[in-house]
Amino acid sequence: MWKNERKDGGERRKIRILIVEDAAYMREMLEEMLNQQRDRYEIVGFAVNGREAVEKYKELKPDIVTMDLVMEVMDGIQAIKEIRKYDKRVKILVITALGTPEYEKASLEAGADACLWKPFTVKNLFEVLERLVSQDECGNGEE
Amino acid sequence: MTVWEEHNQKGAKETARRRSFKFFTLLSLILLCISISIFFASIHKTIVYAHFFYIPIILAAIWYKKRAIYIAILLGVMHIFSSIFTSPALGIFMESLGRASMLFIVAYTIGLISQRCEDAREELKSAEERYRTIFEHALTALCVVDAEGRILLANRQFEELVGLQAENLRGRHWTDFVAEEDAERARNYCESRRKGGAPACYLFKFINSKGERKYVNACMEPIPNSKECILSLLDITELKKKEEELRETCKKLEELDKMKRDFLNVAYHEMRSPLAPIVGYASMLEMCAHTEKERKYVRSIERCARQLEKMINRMLELARIDGEAVKLSIEKASVRKIVEQAVATLLTEAREKRHKISLSVPDVEIECDKQKILEVFTNLISNAIKYTEEGGRIEVIVEDRGEDIKCCVADTGIGIPKEHLPKIFERFYVVDTSLTRKSGSLGLGLSIVKEYVRMHGGKVWATSEVGKGSKFFFTLPKKQKEKREKEERGE
């Protein structure tokens with residue numbers, strides 16, 4: 001998917017990420033972390049609850065959505081299901097403190113691609129993002 | 001006085017009257033017979049009129065049973081003597097003797113029959129008294145009803161249940177005391193039992209004479225060869241009340257359990273959330289730290305945050321094990337690889353304290369939840385490292401015993417006093433709670449070890465000597481039961 005898009009100076013285009021997180025300090029931290037590799041990752045928007053996540057998704061069409069689970073208005077599981085109705089290919093990474101097997105199973109069944117439990121290091125975050133990106137590159141090839 | 005006591009008193013007076021009547025009647029008859037016999041003998045000089053004596057003999061036999069033989073003997077002797085006086089001839093004497101013998105035989109036979117009848121009557125009376133006592137003193141409320149369901153007889157318990165005396169109950173229909181909503185069901189039940197329906201107990205609401213509502217278990221049994229039925233009622237009002245209270249308590253406990261689970265999920269989430277920016281920013285700081293000192297400060301922040309995270313995880317894990325929310329994910333795993341992985345994660349700590357770790361682990365595979373067994377080894381080896389002074393020795397020994405494996409983590413550490421050994425696997429149990437203790441432990445690691453081993457069907461125990469070291473043992477079956485059962489079923 002990403003290979004055939006427009007390129008900047010012959011380089012691969014940036015991976016566009018939508019951050020869905022209700023806690024401001026977590027949004028800031030994720031932004032700081034992703035800015036460590038700003039040549040690779042680009043934050044296209046933020047959402048503070050599940051409903052806003054779905055709307056922003058439709059508007060921005062990101063490559064990856066990081067999704068918190070515990071949010072007001074609409075929780076993360078419901079938001080994942082809603083996004084999956086529109087797009088089966090977007091990568092959804094659940095980032096939550098609810099690190100139990102039950103929530104992992106519920107997230108994956110709803111349509112998430114991976115889970116990252118809080119607390120995590122910047123290294124943990126990039127490892128899982130790269131795994132998601134490489135899955136897509138290996139799986140899809142050219143459109 | 002109950003109906004039965006009244007009956008007994010009347011019976012005793014009646015018996016005394018009958019006895020007097022019998023005695024005087026018999027005496028009168030005997031005297032009459034003697035008089036007639038003597039009169040006719042004196043006139044006709046024969047003993048033909050001895051046949052009169054059969055009348056008093058038969059009566060005596062019926063009334064006095066075997067004792068009548070004495071009366072027969074007496075009359076027989078009198079008959080013989082009377083014949084001697086009337087006619088001294090031998091033939092007449094012999095005839096008299098024969099007739100006297102006949103008297104004895106008749107008396108004896110009738111007496112025997114009469115005795116048997118009396119014995120049977122006594123037995124019947126005794127049986128009747130026995131069942132009367134059982135009926136009267138049964139702990140269940142009992143009553144006998146006729147074909148229409150009207151009460152004929154009731155015991156004390158029934159009177160207490162209804163709140164009325166027996167004489168006020170006779171003639172009333174037992175379903176009069178059944179609550180309106182159950183009345184039809186009660187009538188249908190009676191009908192079905194009379195027609196030979198299957199025996200069953202029937203629960204209905206009962207309203208006694210004071211208007212109190214009770215729950216009663218009823219059982220109706222038709223009496224053989226009779227149109228009457230015996231109705232047995234068990235007051236289960238108290239039981240029902242307790243059942244209701246128990247149901248309420250269970251409901252409250254379920255609600256509390258749900259509250260506890262919800263609380264734990266919320267607490268787990270809320271306690272881990274602030275750790276995220278601590279660990280996250282610490283990792284970013286480490287990347288942009290300029291000096292070794294800065295990196296050291298940052299690593300310290302991260303290590304302590306991870307320690308806190310581990311404690312929170314352990315608390316939640318134990319709570320989830322209690323709530324049976326933890327399931328094993330069974331797979332075939334190499335014990336050696338698990339042990340090596342555990343040691344690898346703790347190598348830095350071991351090196352900091354200059355400990356020597358040796359492994360003696362055979363190449364054996366077992367069915368287990370790999371993550372959980374890894375945590376078991378990690379906890380035990382971590383404890384060994386922590387509680388052994390610098391330059392100590394830690395051994396991990398695994399023995400293949402065929403059906404299971406026996407694992408041992410031994411150290412040359414500070415040891416555990418004997419009085420603490422039985423309790424060290426309990427939750428929150430810390431051997432040293434003094435101010436001089438080695439801090440950093442909530443006392444949950446060994447509880448988790450025990451639970452995980454127990455879930456696999458194994459056992460865990462420890463031996464120790466203060467100042468010399470400790471040995472922690474646990475066993476694990478090679479095959480897990482569920483899988484084994486499925487294999488047996490061919491799944």
# chains A, B, ... in the order shown; residues from 1 in each chain; ligands from 1
call {"tool": "interface_residues", "arguments": {"of": "chain B", "to": "chain A", "cutoff": "8 Å", "atoms": "only C-alpha atoms", "output": "ChimeraX atom specification"}}
result
/B:265,268-270,272-273,275-284
call {"tool": "write_last_selection", "arguments": {"atoms": "C-alpha atoms", "output": "PDB file, in the first residue's frame"}}
result
ATOM      1  CA  ASN B 265     -10.469  -3.987  36.865  1.00  0.00           C
ATOM      2  CA  TYR B 268      -5.772  -2.215  37.903  1.00  0.00           C
ATOM      3  CA  HIS B 269      -6.382   0.260  35.097  1.00  0.00           C
ATOM      4  CA  GLU B 270      -6.106   3.359  37.300  1.00  0.00           C
ATOM      5  CA  ARG B 272      -1.164   1.209  35.831  1.00  0.00           C
ATOM      6  CA  SER B 273      -2.138   4.338  33.878  1.00  0.00           C
ATOM      7  CA  LEU B 275       3.017   4.349  35.290  1.00  0.00           C
ATOM      8  CA  ALA B 276       2.761   4.758  31.508  1.00  0.00           C
ATOM      9  CA  PRO B 277       4.173   8.319  31.323  1.00  0.00           C
ATOM     10  CA  ILE B 278       6.775   7.469  34.023  1.00  0.00           C
ATOM     11  CA  VAL B 279       8.157   4.514  32.062  1.00  0.00           C
ATOM     12  CA  GLY B 280       7.573   6.142  28.671  1.00  0.00           C
ATOM     13  CA  TYR B 281       9.322   9.421  29.457  1.00  0.00           C
ATOM     14  CA  ALA B 282      12.080   7.609  31.336  1.00  0.00           C
ATOM     15  CA  SER B 283      12.807   5.581  28.203  1.00  0.00           C
ATOM     16  CA  MET B 284      12.887   8.751  26.098  1.00  0.00           C
TER      17      MET B 284
END
call {"tool": "select_by_dssp", "arguments": {"residues": "chain A", "states": "strand (DSSP E or B)", "output": "ChimeraX atom specification"}}
result
/A:8,11,15-20,41-47,64-67,91-96,114-117
call {"tool": "atom_distance", "arguments": {"atom1": "CA of Arg320 in chain B", "atom2": "CA of Ile416 in chain B"}}
result
28.9 Å
call {"tool": "residues_around", "arguments": {"residues": "Asp182 in chain B", "least_positions_apart": "2", "cutoff": "10 Å", "atoms": "only C-alpha atoms", "output": "list in words"}}
result
Thr175, Val178, Ala179, Glu180, Glu184, Arg185, Ala186, Arg187, Leu203, Phe204, Lys205 and Phe206 of chain B
call {"tool": "write_last_selection", "arguments": {"atoms": "C-alpha atoms", "output": "PDB file, in the first residue's frame"}}
result
ATOM      1  CA  THR B 175     -58.583 -28.117  52.517  1.00  0.00           C
ATOM      2  CA  VAL B 178     -55.310 -24.336  52.511  1.00  0.00           C
ATOM      3  CA  ALA B 179     -54.747 -20.802  51.157  1.00  0.00           C
ATOM      4  CA  GLU B 180     -57.201 -19.851  48.422  1.00  0.00           C
ATOM      5  CA  GLU B 184     -57.763 -26.135  43.719  1.00  0.00           C
ATOM      6  CA  ARG B 185     -54.323 -27.645  43.418  1.00  0.00           C
ATOM      7  CA  ALA B 186     -54.814 -29.309  46.804  1.00  0.00           C
ATOM      8  CA  ARG B 187     -58.133 -30.817  45.737  1.00  0.00           C
ATOM      9  CA  LEU B 203     -46.137 -27.840  48.710  1.00  0.00           C
ATOM     10  CA  PHE B 204     -48.895 -25.435  49.567  1.00  0.00           C
ATOM     11  CA  LYS B 205     -49.646 -22.403  51.726  1.00  0.00           C
ATOM     12  CA  PHE B 206     -51.536 -23.163  54.904  1.00  0.00           C
TER      13      PHE B 206
END
call {"tool": "closest_residue", "arguments": {"among": "A:Glu31, A:Asp22, A:Asp39, A:Asp113", "to": "Ala53 in chain A", "atoms": "only C-alpha atoms"}}
result
A:Asp22
call {"tool": "select_by_dssp", "arguments": {"residues": "range 85-261 of chain B", "states": "alpha helix (DSSP H)", "output": "MDAnalysis selection string"}}
result
chainID B and resid 85:86 90:137 156:162 166:169 180:194 237:261
call {"tool": "atom_distance", "arguments": {"atom1": "CA of Val361 in chain B", "atom2": "CA of Glu399 in chain B"}}
result
7.2 Å
call {"tool": "atom_distance", "arguments": {"atom1": "CA of Arg194 in chain B", "atom2": "CA of Pro222 in chain B"}}
result
6.3 Å
call {"tool": "residues_around", "arguments": {"residues": "Ile95 in chain A", "least_positions_apart": "6", "cutoff": "7 Å", "atoms": "only C-alpha atoms", "output": "ChimeraX atom specification"}}
result
/A:66-68,115-118
call {"tool": "closest_residue", "arguments": {"among": "A:Ile77, A:Val65, A:Leu60, A:Met71", "to": "Tyr103 in chain A", "atoms": "only C-alpha atoms"}}
result
A:Ile77
call {"tool": "closest_residue", "arguments": {"among": "B:Asp235, B:Glu451, B:Glu148, B:Asp257", "to": "Glu426 in chain B", "atoms": "only C-alpha atoms"}}
result
B:Glu451
call {"tool": "decode", "arguments": {"residues": "range 113-148 of chain B", "atoms": "N, CA, C and O atoms", "output": "CSV table (one decimal), in the first residue's frame"}}
result
chain,number,residue,atom,x,y,z
B,113,ILE,N,-58.8,-72.5,72.5
B,113,ILE,CA,-59.3,-71.7,71.4
B,113,ILE,C,-59.5,-70.3,71.9
B,113,ILE,O,-59.1,-69.3,71.3
B,114,SER,N,-60.2,-70.2,73.0
B,114,SER,CA,-60.5,-68.9,73.6
B,114,SER,C,-59.2,-68.2,73.9
B,114,SER,O,-59.1,-67.0,73.7
B,115,GLN,N,-58.2,-68.9,74.5
B,115,GLN,CA,-56.9,-68.3,74.8
B,115,GLN,C,-56.2,-67.7,73.5
B,115,GLN,O,-55.7,-66.6,73.5
B,116,ARG,N,-56.3,-68.5,72.4
B,116,ARG,CA,-55.7,-68.0,71.2
B,116,ARG,C,-56.4,-66.7,70.7
B,116,ARG,O,-55.7,-65.8,70.3
B,117,CYS,N,-57.7,-66.8,70.8
B,117,CYS,CA,-58.4,-65.5,70.4
B,117,CYS,C,-58.0,-64.4,71.3
B,117,CYS,O,-57.8,-63.2,70.8
B,118,GLU,N,-57.9,-64.6,72.6
B,118,GLU,CA,-57.5,-63.6,73.5
B,118,GLU,C,-56.1,-63.0,73.2
B,118,GLU,O,-55.9,-61.8,73.2
B,119,ASP,N,-55.2,-64.0,72.9
B,119,ASP,CA,-53.9,-63.6,72.5
B,119,ASP,C,-53.9,-62.7,71.3
B,119,ASP,O,-53.2,-61.7,71.2
B,120,ALA,N,-54.7,-63.1,70.3
B,120,ALA,CA,-54.7,-62.4,69.1
B,120,ALA,C,-55.3,-61.0,69.3
B,120,ALA,O,-54.8,-60.0,68.8
B,121,ARG,N,-56.3,-61.0,70.2
B,121,ARG,CA,-56.9,-59.7,70.5
B,121,ARG,C,-55.9,-58.8,71.3
B,121,ARG,O,-55.8,-57.6,71.0
B,122,GLU,N,-55.1,-59.4,72.2
B,122,GLU,CA,-54.0,-58.7,72.9
B,122,GLU,C,-53.0,-58.1,71.9
B,122,GLU,O,-52.6,-57.0,72.1
B,123,GLU,N,-52.6,-59.0,71.0
B,123,GLU,CA,-51.6,-58.5,70.0
B,123,GLU,C,-52.1,-57.4,69.2
B,123,GLU,O,-51.4,-56.4,68.9
B,124,LEU,N,-53.4,-57.5,68.8
B,124,LEU,CA,-54.0,-56.4,68.0
B,124,LEU,C,-54.1,-55.1,68.8
B,124,LEU,O,-53.7,-54.1,68.3
B,125,LYS,N,-54.4,-55.3,70.1
B,125,LYS,CA,-54.5,-54.2,71.0
B,125,LYS,C,-53.1,-53.5,71.1
B,125,LYS,O,-53.0,-52.3,71.1
B,126,SER,N,-52.1,-54.4,71.3
B,126,SER,CA,-50.8,-53.9,71.5
B,126,SER,C,-50.3,-53.2,70.2
B,126,SER,O,-49.7,-52.1,70.3
B,127,ALA,N,-50.6,-53.8,69.1
B,127,ALA,CA,-50.2,-53.1,67.8
B,127,ALA,C,-51.0,-51.8,67.7
B,127,ALA,O,-50.4,-50.8,67.3
B,128,GLU,N,-52.2,-51.8,68.0
B,128,GLU,CA,-53.0,-50.6,67.9
B,128,GLU,C,-52.4,-49.5,68.8
B,128,GLU,O,-52.3,-48.3,68.4
B,129,GLU,N,-52.0,-49.9,70.0
B,129,GLU,CA,-51.5,-49.0,71.0
B,129,GLU,C,-50.1,-48.4,70.5
B,129,GLU,O,-49.8,-47.2,70.6
B,130,ARG,N,-49.4,-49.3,69.8
B,130,ARG,CA,-48.1,-48.9,69.3
B,130,ARG,C,-48.3,-47.9,68.2
B,130,ARG,O,-47.6,-46.8,68.3
B,131,TYR,N,-49.1,-48.2,67.3
B,131,TYR,CA,-49.4,-47.2,66.2
B,131,TYR,C,-50.1,-46.0,66.7
B,131,TYR,O,-49.9,-44.9,66.1
B,132,ARG,N,-50.9,-46.1,67.7
B,132,ARG,CA,-51.6,-45.0,68.2
B,132,ARG,C,-50.5,-44.0,68.8
B,132,ARG,O,-50.6,-42.8,68.7
B,133,THR,N,-49.5,-44.6,69.6
B,133,THR,CA,-48.5,-43.8,70.2
B,133,THR,C,-47.6,-43.1,69.1
B,133,THR,O,-47.3,-41.9,69.2
B,134,ILE,N,-47.3,-43.9,68.0
B,134,ILE,CA,-46.5,-43.3,66.9
B,134,ILE,C,-47.3,-42.1,66.3
B,134,ILE,O,-46.8,-41.1,66.1
B,135,PHE,N,-48.6,-42.4,66.1
B,135,PHE,CA,-49.4,-41.4,65.4
B,135,PHE,C,-49.5,-40.1,66.3
B,135,PHE,O,-49.3,-39.0,65.8
B,136,GLU,N,-49.7,-40.4,67.6
B,136,GLU,CA,-49.9,-39.2,68.5
B,136,GLU,C,-48.6,-38.4,68.7
B,136,GLU,O,-48.7,-37.2,68.8
B,137,HIS,N,-47.5,-39.2,68.8
B,137,HIS,CA,-46.2,-38.5,69.1
B,137,HIS,C,-45.3,-38.2,67.9
B,137,HIS,O,-44.2,-37.7,68.1
B,138,ALA,N,-45.8,-38.4,66.7
B,138,ALA,CA,-45.0,-38.1,65.5
B,138,ALA,C,-44.7,-36.6,65.5
B,138,ALA,O,-45.5,-35.8,65.9
B,139,LEU,N,-43.5,-36.3,65.0
B,139,LEU,CA,-43.1,-34.9,64.9
B,139,LEU,C,-43.8,-34.2,63.7
B,139,LEU,O,-43.9,-33.0,63.6
B,140,THR,N,-44.3,-35.0,62.8
B,140,THR,CA,-45.1,-34.5,61.6
B,140,THR,C,-46.5,-34.4,62.0
B,140,THR,O,-47.0,-35.2,62.8
B,141,ALA,N,-47.2,-33.4,61.5
B,141,ALA,CA,-48.7,-33.3,61.7
B,141,ALA,C,-49.4,-34.3,60.9
B,141,ALA,O,-49.2,-34.4,59.7
B,142,LEU,N,-50.2,-35.2,61.6
B,142,LEU,CA,-50.9,-36.3,60.9
B,142,LEU,C,-52.3,-36.2,61.1
B,142,LEU,O,-52.8,-35.8,62.2
B,143,CYS,N,-53.1,-36.5,60.1
B,143,CYS,CA,-54.5,-36.6,60.3
B,143,CYS,C,-55.1,-37.7,59.3
B,143,CYS,O,-54.5,-38.0,58.3
B,144,VAL,N,-56.2,-38.3,59.8
B,144,VAL,CA,-56.8,-39.3,58.9
B,144,VAL,C,-58.1,-38.6,58.4
B,144,VAL,O,-58.9,-38.0,59.2
B,145,VAL,N,-58.3,-38.7,57.1
B,145,VAL,CA,-59.4,-38.1,56.5
B,145,VAL,C,-60.3,-39.2,55.8
B,145,VAL,O,-59.8,-40.2,55.4
B,146,ASP,N,-61.6,-38.9,55.7
B,146,ASP,CA,-62.4,-39.9,55.0
B,146,ASP,C,-62.4,-39.6,53.5
B,146,ASP,O,-61.7,-38.8,53.0
B,147,ALA,N,-63.4,-40.3,52.8
B,147,ALA,CA,-63.4,-40.3,51.4
B,147,ALA,C,-63.7,-38.8,50.9
B,147,ALA,O,-63.3,-38.5,49.8
B,148,GLU,N,-64.4,-38.1,51.7
B,148,GLU,CA,-64.7,-36.7,51.3
B,148,GLU,C,-63.6,-35.7,51.7
B,148,GLU,O,-63.7,-34.5,51.3
